[in-house]
>>> print(open('input_16.pdb').read())   # PDB, C-alpha atoms, pLDDT in the B column
ATOM      1  CA  GLN O   1       5.444   6.073  16.643  1.00 90.00           C
ATOM      2  CA  VAL O   2       5.938   4.849  13.097  1.00 95.00           C
ATOM      3  CA  GLN O   3       6.618   7.271  10.301  1.00 97.00           C
ATOM      4  CA  VAL O   4       5.385   6.391   6.840  1.00 98.00           C
ATOM      5  CA  VAL O   5       6.594   8.240   3.758  1.00 97.00           C
ATOM      6  CA  GLU O   6       5.472   7.586   0.186  1.00 97.00           C
ATOM      7  CA  SER O   7       7.259   8.556  -2.992  1.00 96.00           C
ATOM      8  CA  GLY O   8       7.185   7.866  -6.692  1.00 97.00           C
ATOM      9  CA  GLY O   9       3.938   9.413  -7.815  1.00 96.00           C
ATOM     10  CA  GLY O  10       3.635  11.455 -10.969  1.00 97.00           C
ATOM     11  CA  LEU O  11       1.989  11.925 -14.329  1.00 98.00           C
ATOM     12  CA  VAL O  12       1.896   9.034 -16.770  1.00 98.00           C
ATOM     13  CA  GLN O  13       0.006   8.226 -19.945  1.00 98.00           C
ATOM     14  CA  ALA O  14      -2.600   5.487 -20.045  1.00 98.00           C
ATOM     15  CA  GLY O  15      -0.932   2.125 -20.506  1.00 98.00           C
ATOM     16  CA  GLY O  16       2.211   3.266 -18.758  1.00 98.00           C
ATOM     17  CA  SER O  17       3.807   2.207 -15.492  1.00 98.00           C
ATOM     18  CA  LEU O  18       4.828   3.723 -12.195  1.00 98.00           C
ATOM     19  CA  ARG O  19       6.411   2.328  -9.083  1.00 98.00           C
ATOM     20  CA  LEU O  20       5.493   3.771  -5.726  1.00 98.00           C
ATOM     21  CA  SER O  21       7.735   3.362  -2.720  1.00 98.00           C
ATOM     22  CA  CYS O  22       6.864   3.578   0.936  1.00 98.00           C
ATOM     23  CA  ALA O  23       9.418   3.750   3.710  1.00 98.00           C
ATOM     24  CA  ALA O  24       8.347   3.031   7.271  1.00 97.00           C
ATOM     25  CA  SER O  25      10.347   3.544  10.416  1.00 96.00           C
ATOM     26  CA  GLY O  26      10.809   1.007  13.188  1.00 92.00           C
ATOM     27  CA  ARG O  27      13.121  -1.852  14.053  1.00 93.00           C
ATOM     28  CA  THR O  28      10.416  -4.474  13.600  1.00 94.00           C
ATOM     29  CA  PHE O  29       9.303  -3.557  10.095  1.00 96.00           C
ATOM     30  CA  SER O  30       9.375  -7.209   9.076  1.00 95.00           C
ATOM     31  CA  ARG O  31       6.435  -7.783  11.453  1.00 95.00           C
ATOM     32  CA  TYR O  32       4.277  -5.063   9.917  1.00 96.00           C
ATOM     33  CA  ALA O  33       1.513  -5.512   7.438  1.00 97.00           C
ATOM     34  CA  MET O  34       1.730  -2.795   4.811  1.00 98.00           C
ATOM     35  CA  GLY O  35      -1.126  -1.570   2.703  1.00 98.00           C
ATOM     36  CA  TRP O  36      -1.822   0.782  -0.162  1.00 98.00           C
ATOM     37  CA  PHE O  37      -5.028   2.746  -0.452  1.00 98.00           C
ATOM     38  CA  ARG O  38      -6.132   5.470  -2.833  1.00 98.00           C
ATOM     39  CA  GLN O  39      -8.616   8.284  -2.927  1.00 98.00           C
ATOM     40  CA  ALA O  40      -9.840   9.933  -6.092  1.00 97.00           C
ATOM     41  CA  PRO O  41     -11.466  13.377  -6.074  1.00 92.00           C
ATOM     42  CA  GLY O  42     -15.021  13.195  -4.791  1.00 95.00           C
ATOM     43  CA  LYS O  43     -14.709   9.529  -3.871  1.00 97.00           C
ATOM     44  CA  GLU O  44     -14.092   7.592  -0.709  1.00 97.00           C
ATOM     45  CA  ARG O  45     -10.745   6.064   0.082  1.00 97.00           C
ATOM     46  CA  GLU O  46     -10.464   2.548  -1.264  1.00 97.00           C
ATOM     47  CA  PHE O  47      -8.205  -0.413  -0.703  1.00 98.00           C
ATOM     48  CA  VAL O  48      -5.647  -1.186  -3.408  1.00 98.00           C
ATOM     49  CA  ALA O  49      -3.199  -3.806  -2.146  1.00 98.00           C
ATOM     50  CA  ALA O  50      -1.635  -5.180   1.013  1.00 98.00           C
ATOM     51  CA  MET O  51       1.061  -7.538   2.153  1.00 97.00           C
ATOM     52  CA  SER O  52       1.042  -9.289   5.503  1.00 96.00           C
ATOM     53  CA  TRP O  53       4.118  -9.688   7.639  1.00 96.00           C
ATOM     54  CA  SER O  54       4.420 -13.256   6.337  1.00 95.00           C
ATOM     55  CA  GLY O  55       4.312 -12.200   2.705  1.00 95.00           C
ATOM     56  CA  ASN O  56       0.715 -12.944   1.790  1.00 96.00           C
ATOM     57  CA  THR O  57      -0.646 -10.490  -0.741  1.00 97.00           C
ATOM     58  CA  TYR O  58      -4.114  -9.081  -1.263  1.00 97.00           C
ATOM     59  CA  TYR O  59      -5.464  -6.970  -4.104  1.00 98.00           C
ATOM     60  CA  ALA O  60      -8.579  -5.093  -5.021  1.00 98.00           C
ATOM     61  CA  ASP O  61     -10.326  -6.636  -7.996  1.00 97.00           C
ATOM     62  CA  SER O  62      -9.821  -3.448  -9.970  1.00 97.00           C
ATOM     63  CA  VAL O  63      -6.025  -3.777  -9.892  1.00 98.00           C
ATOM     64  CA  LYS O  64      -5.482  -7.548  -9.961  1.00 98.00           C
ATOM     65  CA  GLY O  65      -3.112  -8.536 -12.711  1.00 97.00           C
ATOM     66  CA  ARG O  66      -1.882  -4.961 -13.149  1.00 98.00           C
ATOM     67  CA  PHE O  67      -0.450  -3.957  -9.763  1.00 98.00           C
ATOM     68  CA  THR O  68       2.088  -5.837  -7.671  1.00 98.00           C
ATOM     69  CA  ILE O  69       2.978  -5.193  -4.057  1.00 98.00           C
ATOM     70  CA  SER O  70       6.363  -6.209  -2.723  1.00 98.00           C
ATOM     71  CA  ARG O  71       8.594  -5.411   0.215  1.00 97.00           C
ATOM     72  CA  ASP O  72      12.260  -5.204   1.126  1.00 97.00           C
ATOM     73  CA  ASN O  73      12.553  -5.695   4.861  1.00 96.00           C
ATOM     74  CA  ALA O  74      16.237  -4.795   4.821  1.00 96.00           C
ATOM     75  CA  LYS O  75      15.254  -1.341   3.572  1.00 97.00           C
ATOM     76  CA  ASN O  76      12.034  -0.986   5.584  1.00 97.00           C
ATOM     77  CA  THR O  77      10.303  -0.341   2.293  1.00 98.00           C
ATOM     78  CA  VAL O  78       7.225  -1.574   0.471  1.00 98.00           C
ATOM     79  CA  TYR O  79       6.612  -1.032  -3.217  1.00 98.00           C
ATOM     80  CA  LEU O  80       3.621  -0.846  -5.482  1.00 98.00           C
ATOM     81  CA  GLN O  81       4.422  -1.604  -9.102  1.00 98.00           C
ATOM     82  CA  MET O  82       1.608  -0.289 -11.250  1.00 98.00           C
ATOM     83  CA  ASN O  83       1.407  -1.417 -14.866  1.00 98.00           C
ATOM     84  CA  SER O  84      -1.167  -0.884 -17.598  1.00 98.00           C
ATOM     85  CA  LEU O  85      -2.370   2.225 -15.851  1.00 98.00           C
ATOM     86  CA  LYS O  86      -5.793   3.592 -16.657  1.00 98.00           C
ATOM     87  CA  PRO O  87      -7.234   7.087 -16.192  1.00 97.00           C
ATOM     88  CA  GLU O  88      -9.462   5.671 -13.457  1.00 97.00           C
ATOM     89  CA  ASP O  89      -6.329   4.866 -11.448  1.00 98.00           C
ATOM     90  CA  THR O  90      -5.829   8.589 -10.948  1.00 98.00           C
ATOM     91  CA  ALA O  91      -5.858   9.280  -7.224  1.00 98.00           C
ATOM     92  CA  VAL O  92      -3.791  10.148  -4.218  1.00 98.00           C
ATOM     93  CA  TYR O  93      -2.141   6.934  -3.097  1.00 98.00           C
ATOM     94  CA  TYR O  94      -1.590   6.364   0.591  1.00 98.00           C
ATOM     95  CA  CYS O  95       0.647   3.861   2.294  1.00 98.00           C
ATOM     96  CA  ALA O  96      -0.286   2.486   5.681  1.00 98.00           C
ATOM     97  CA  ALA O  97       1.407   0.368   8.318  1.00 97.00           C
ATOM     98  CA  ALA O  98      -0.061  -2.167  10.720  1.00 96.00           C
ATOM     99  CA  PRO O  99       2.754  -2.896  13.182  1.00 93.00           C
ATOM    100  CA  ASN O 100       0.721  -5.425  15.150  1.00 90.00           C
ATOM    101  CA  ASP O 101       0.058  -7.739  12.235  1.00 89.00           C
ATOM    102  CA  TYR O 102       2.515 -10.300  13.567  1.00 89.00           C
ATOM    103  CA  TYR O 103       0.382 -10.683  16.679  1.00 86.00           C
ATOM    104  CA  SER O 104      -2.984 -10.726  14.918  1.00 87.00           C
ATOM    105  CA  ARG O 105      -4.818 -13.945  14.262  1.00 82.00           C
ATOM    106  CA  TYR O 106      -7.017 -12.460  11.561  1.00 83.00           C
ATOM    107  CA  GLY O 107      -5.789  -9.579   9.508  1.00 82.00           C
ATOM    108  CA  ARG O 108      -8.371  -7.286   7.976  1.00 90.00           C
ATOM    109  CA  TYR O 109      -6.058  -6.027   5.299  1.00 93.00           C
ATOM    110  CA  GLY O 110      -8.701  -4.381   3.171  1.00 90.00           C
ATOM    111  CA  GLY O 111      -9.991  -2.203   5.967  1.00 91.00           C
ATOM    112  CA  GLY O 112      -8.423   1.127   6.721  1.00 89.00           C
ATOM    113  CA  THR O 113      -8.961   0.735  10.450  1.00 92.00           C
ATOM    114  CA  TYR O 114      -6.509  -2.171  10.567  1.00 94.00           C
ATOM    115  CA  TYR O 115      -3.665   0.232   9.981  1.00 96.00           C
ATOM    116  CA  ASP O 116      -2.319   2.494  12.695  1.00 96.00           C
ATOM    117  CA  TYR O 117      -0.006   4.751  10.731  1.00 97.00           C
ATOM    118  CA  TRP O 118      -0.480   6.526   7.436  1.00 98.00           C
ATOM    119  CA  GLY O 119       1.639   8.515   5.062  1.00 98.00           C
ATOM    120  CA  GLN O 120       0.771  11.863   3.561  1.00 97.00           C
ATOM    121  CA  GLY O 121       0.019  10.436   0.155  1.00 97.00           C
ATOM    122  CA  THR O 122       1.476  10.756  -3.307  1.00 98.00           C
ATOM    123  CA  GLN O 123      -0.439  11.894  -6.381  1.00 98.00           C
ATOM    124  CA  VAL O 124      -0.769   9.582  -9.360  1.00 98.00           C
ATOM    125  CA  THR O 125      -2.305  11.060 -12.489  1.00 98.00           C
ATOM    126  CA  VAL O 126      -2.985   8.944 -15.560  1.00 98.00           C
ATOM    127  CA  SER O 127      -3.774  10.853 -18.721  1.00 97.00           C
ATOM    128  CA  SER O 128      -5.859   9.403 -21.519  1.00 93.00           C
TER     129      SER O 128
END
>>> encode(input="input_16.pdb", output="structure tokens")
Amino acid sequence: QVQVVESGGGLVQAGGSLRLSCAASGRTFSRYAMGWFRQAPGKEREFVAAMSWSGNTYYADSVKGRFTISRDNAKNTVYLQMNSLKPEDTAVYYCAAAPNDYYSRYGRYGGGTYYDYWGQGTQVTVSS
């Protein structure tokens, strides 16, 4: 069982920045793919960003150039640096872990079903 815990959400003005953190348990964190998803009120959950175990990164078109995903394997933590935030970025942000990424030939990083463990979410609100 892998525990996933997000932190770092909050209220920020449009144009501002936030950094989300996500800590995942497990001795083989370096072999996990980690992803960020978000869900706004009345909308479906959507993919935001992901990083494979090997360090490849993937982003939704809506956040490319503004958000950056990174990881610190020594701390079992993945980060989402969010810059130039817009009101439409307002959502609950979820972190997810795919512990079997190391063994997968083809990672489907944008799909929620690829991930086995999810955090409880952290609220990000961007005011205009």
>>> atom_distance(input="input_16.pdb", atom1="atom CA of O:Ala98", atom2="atom CA of O:Gly35")
8.1 Å
>>> atom_distance(input="input_16.pdb", atom1="atom CA of O:Thr122", atom2="atom CA of O:Phe29")
21.1 Å
>>> resolve_selection(input="input_16.pdb", expression="the PyMOL selection byres ((chain O and resi 14-16) around 8)", output="number ranges by chain")
O: 12-13, 17-18, 83-87, 126-128
>>> closest_residue(input="input_16.pdb", among="O:Trp53, O:Gly121, O:Asp72, O:Gln39", to="O:Glu88", atoms="only C-alpha atoms")
O:Gln39
>>> atom_distance(input="input_16.pdb", atom1="atom CA of O:Asp61", atom2="atom CA of O:Leu20")
19.1 Å
>>> resolve_selection(input="input_16.pdb", expression="the PyMOL selection byres ((chain O and resi 7) around 8)", output="PyMOL selection string")
chain O and resi 5-6+8-9+20-22+122
